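Only one structure is covered here, and it is reproduced in the block below.
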Amino acid sequence: MVAFAPGGGSDRSARVIAQALNELEAGFDVNVENKEGGSGAVGWSTFLSEEGNGNTLLVAETAINTLPKVYDVPFTYRSFTPLVMFAEDSRIVVAPKDSPYRTCAELVEASKNQRVVAGSSGRTGADSLVVHELTEEGASIDVVPYGSTGEVLTALLGGQIAAAPASAASAKPYLESGDFIGLCTMTEKRYDDPLLGTVPTAKEQGLDATVTIWRGVLGAGGIADVQRDYWIARIHEAMNSQTYRDYLAKDLLIPANLSGAEFGAFLDRYDQRMQEIFG
């Protein structure tokens, strides 16, 4: 299950993991079900009903930490079983080619005196972290939430919003076509890519702003240890596949491999950081 609409980074990661698992030919067939709505709340609330079911997997990311900090929902990340964190991601901020802003620093400065509208995939996911970081640097941005990154970029193309955070993989085709320009990346260092590497980081523009999100697989709450261990082992096998390696390269992701209790400890630390931001 993935709690966001088709076309975004969460959906893509779910489909890659499903494909890599199916390539194992281990006697099961993994299908992806999208349960979008409520910035992830619909899907994650639905997954609660799978308590004890070892045949269900949830591909999730940072928003499962942040959503309960903002809304009254019946779950937290602790409602589910940590299996494997398989990648880390960041964001790039893009704008239409004819945008009056050429950098994130210019966008921040302009927003102090005029209305700036940005899109966001959900209210509490990676995109919201970008807006938070820019707000901390003095920006005043009105945010329009959408169901997925794909919907955000479509709105940007249509002139409904002025700027948008997006995954590097989602934004790159539009940068290649010349429809968008890159205002900044939220990475510590520039992307190791001929095109994206030309976009400066927010830090290079004098903004103390970085965003890193995690991507991982969780099991239902209350599953048996043997079920947890089984899926950790299968996911590790899937991560040895060319499908997974191609995904990391194409989507410009940072490889990660935390599992079981180690993944759980990471989530605890990450949640403390999100509490500082959204609490």
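Here's how to read the names in the structure tokens: chain A, B, ... by the order shown, residue numbers from 1 in each chain, ligand numbers from 1 in the order shown.
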
- Write out as a PyMOL selection string all residues of stretch 26-223 of chain A that backbone DSSP assigns to helix (DSSP H, G or I). chain A and resi 38-48+63-70+77-79+104-111+126-136+149-157+168-177+196-198+203-205

- Task: Find the spatial neighbours of A:Ser45, counting only C-alpha atoms, within a cut-off of 10 Å - ignore same-chain residues fewer than 4 positions away - and output them as a list in words.
- Result: Ala3, Lys35, Gly40, Ala41, Ser49, Glu50, Val73, Pro74, Phe75, Thr76 and Ser79 of chain A

Limited to C-alpha atoms, could you put the picked residues into a file as a CSV table (one decimal), in the first residue's frame?
```csv
chain,number,residue,atom,x,y,z
A,3,ALA,CA,-0.9,6.5,0.8
A,35,LYS,CA,-5.1,4.9,-1.0
A,40,GLY,CA,-1.5,10.3,3.6
A,41,ALA,CA,-4.1,10.0,6.4
A,49,SER,CA,-6.9,-2.3,9.9
A,50,GLU,CA,-4.2,-4.8,8.7
A,73,VAL,CA,-5.2,11.0,13.3
A,74,PRO,CA,-5.5,7.5,14.8
A,75,PHE,CA,-1.9,6.4,14.1
A,76,THR,CA,1.7,7.3,14.5
A,79,SER,CA,1.5,1.9,15.0
```

- Task: Tell me, in Å to one decimal, how far atom CA of A:Glu106 is from atom CA of A:Arg91.
- Result: 17.8 Å

- Extract, using only C-alpha atoms, all DNA, RNA and protein residues at most 10 Å from A:Gly158, discarding same-chain residues fewer than 5 positions from it, and format them as number ranges by chain. A: 96, 152-153

- Query: Near stretch 186-200 of chain A, within 7 Å and counting only C-alpha atoms, which residues show up once chain neighbours fewer than 4 positions away are dropped, as number ranges by chain?
  - Reply: A: 90-92, 182, 204, 209-211

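The gap separating atom CA of A:Thr212 from atom CA of A:Glu151 is 21.5 Å, in Å to one decimal.
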
- Tell me which protein, DNA and RNA residues are within 12 Å of A:Asp127, counting only C-alpha atoms, leaving out same-chain ones fewer than 2 positions away, and put them as a VMD selection string. chain A and resid 8 to 9 39 61 to 63 66 89 to 94 118 to 125 129 to 134 143 to 149 152 163 to 167 186 210 to 213

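Here atom CA of A:Glu36 and atom CA of A:Leu253 stand 23.4 Å from one another.
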
Could you build a table of the residues in stretch 114-224 of chain A lying no more than 8 Å from stretch 97-105 of chain A, giving for each the nearest pair of atoms and their separation in Å rounded to one decimal place, using only C-alpha atoms, ordered by chain and ascending residue number, as CSV?
```
residue,atom,partner,partner_atom,distance
A:Ala162,CA,A:Ser99,CA,7.4
A:Gly178,CA,A:Lys97,CA,6.6
A:Asp179,CA,A:Lys97,CA,5.4
A:Phe180,CA,A:Lys97,CA,4.7
A:Ile181,CA,A:Lys97,CA,5.4
A:Gly182,CA,A:Thr103,CA,7.5
A:Leu183,CA,A:Thr103,CA,4.1
A:Cys184,CA,A:Cys104,CA,5.7
A:Ala202,CA,A:Cys104,CA,6.7
A:Gln205,CA,A:Ala105,CA,6.1
A:Gly206,CA,A:Ala105,CA,7.4
A:Leu207,CA,A:Ala105,CA,7.0
```

Can I get the selected residues back with all heavy atoms, as a short mmCIF file (atom, residue, chain, number, x, y, z; two decimals), in the first residue's frame?
```cif
data_model
loop_
_atom_site.label_atom_id
_atom_site.label_comp_id
_atom_site.auth_asym_id
_atom_site.auth_seq_id
_atom_site.Cartn_x
_atom_site.Cartn_y
_atom_site.Cartn_z
N ALA A 162 3.33 29.61 -8.37
CA ALA A 162 4.53 30.31 -8.83
C ALA A 162 5.81 29.49 -8.66
O ALA A 162 6.80 29.75 -9.35
CB ALA A 162 4.67 31.63 -8.07
N GLY A 178 13.18 22.75 -20.70
CA GLY A 178 13.20 24.21 -20.61
C GLY A 178 11.92 24.81 -20.08
O GLY A 178 11.78 26.03 -20.00
N ASP A 179 10.95 23.97 -19.67
CA ASP A 179 9.70 24.49 -19.12
C ASP A 179 9.89 25.08 -17.73
O ASP A 179 9.19 26.02 -17.35
CB ASP A 179 8.65 23.38 -19.05
CG ASP A 179 8.15 22.95 -20.42
OD1 ASP A 179 7.75 23.83 -21.20
OD2 ASP A 179 8.19 21.74 -20.70
N PHE A 180 10.82 24.52 -16.97
CA PHE A 180 11.09 24.99 -15.61
C PHE A 180 12.54 25.43 -15.49
O PHE A 180 13.41 25.02 -16.27
CB PHE A 180 10.85 23.88 -14.58
CG PHE A 180 9.43 23.44 -14.42
CD1 PHE A 180 9.13 22.25 -13.75
CD2 PHE A 180 8.37 24.19 -14.93
CE1 PHE A 180 7.83 21.83 -13.59
CE2 PHE A 180 7.05 23.77 -14.78
CZ PHE A 180 6.79 22.58 -14.11
N ILE A 181 12.79 26.25 -14.48
CA ILE A 181 14.15 26.57 -14.06
C ILE A 181 14.31 26.12 -12.61
O ILE A 181 13.33 26.04 -11.86
CB ILE A 181 14.46 28.08 -14.16
CG1 ILE A 181 13.48 28.90 -13.30
CG2 ILE A 181 14.45 28.54 -15.61
CD1 ILE A 181 13.87 30.36 -13.17
N GLY A 182 15.53 25.78 -12.22
CA GLY A 182 15.81 25.40 -10.85
C GLY A 182 16.20 26.61 -10.03
O GLY A 182 17.14 27.32 -10.41
N LEU A 183 15.49 26.86 -8.94
CA LEU A 183 15.81 28.01 -8.08
C LEU A 183 16.89 27.64 -7.06
O LEU A 183 17.75 28.46 -6.75
CB LEU A 183 14.56 28.50 -7.36
CG LEU A 183 13.38 28.93 -8.24
CD1 LEU A 183 12.26 29.51 -7.36
CD2 LEU A 183 13.81 29.94 -9.28
N CYS A 184 16.82 26.43 -6.51
CA CYS A 184 17.83 25.94 -5.59
C CYS A 184 17.55 24.49 -5.28
O CYS A 184 16.44 23.99 -5.53
CB CYS A 184 17.88 26.75 -4.28
SG CYS A 184 16.45 26.49 -3.18
N ALA A 202 20.55 25.83 -1.61
CA ALA A 202 20.05 26.97 -0.85
C ALA A 202 21.16 27.57 0.01
O ALA A 202 21.25 28.80 0.16
CB ALA A 202 18.87 26.54 0.02
N GLN A 205 23.22 30.10 -1.54
CA GLN A 205 22.54 31.38 -1.70
C GLN A 205 22.36 32.12 -0.39
O GLN A 205 21.64 33.10 -0.30
CB GLN A 205 21.17 31.14 -2.36
CG GLN A 205 21.27 30.51 -3.74
CD GLN A 205 19.92 30.13 -4.31
OE1 GLN A 205 18.87 30.61 -3.85
NE2 GLN A 205 19.91 29.29 -5.33
N GLY A 206 23.02 31.61 0.65
CA GLY A 206 22.96 32.27 1.95
C GLY A 206 21.78 31.87 2.80
O GLY A 206 21.49 32.52 3.82
N LEU A 207 21.08 30.80 2.40
CA LEU A 207 19.93 30.32 3.18
C LEU A 207 20.33 29.06 3.94
O LEU A 207 20.82 28.10 3.35
CB LEU A 207 18.76 29.99 2.24
CG LEU A 207 18.28 31.13 1.32
CD1 LEU A 207 17.21 30.61 0.37
CD2 LEU A 207 17.76 32.30 2.14
#
```

- Within stretch 154-230 of chain A, find each residue whose DSSP state, derived from the backbone, is strand (DSSP E), and express the selection as a PyMOL selection string. chain A and resi 164-166+180-185+213-219
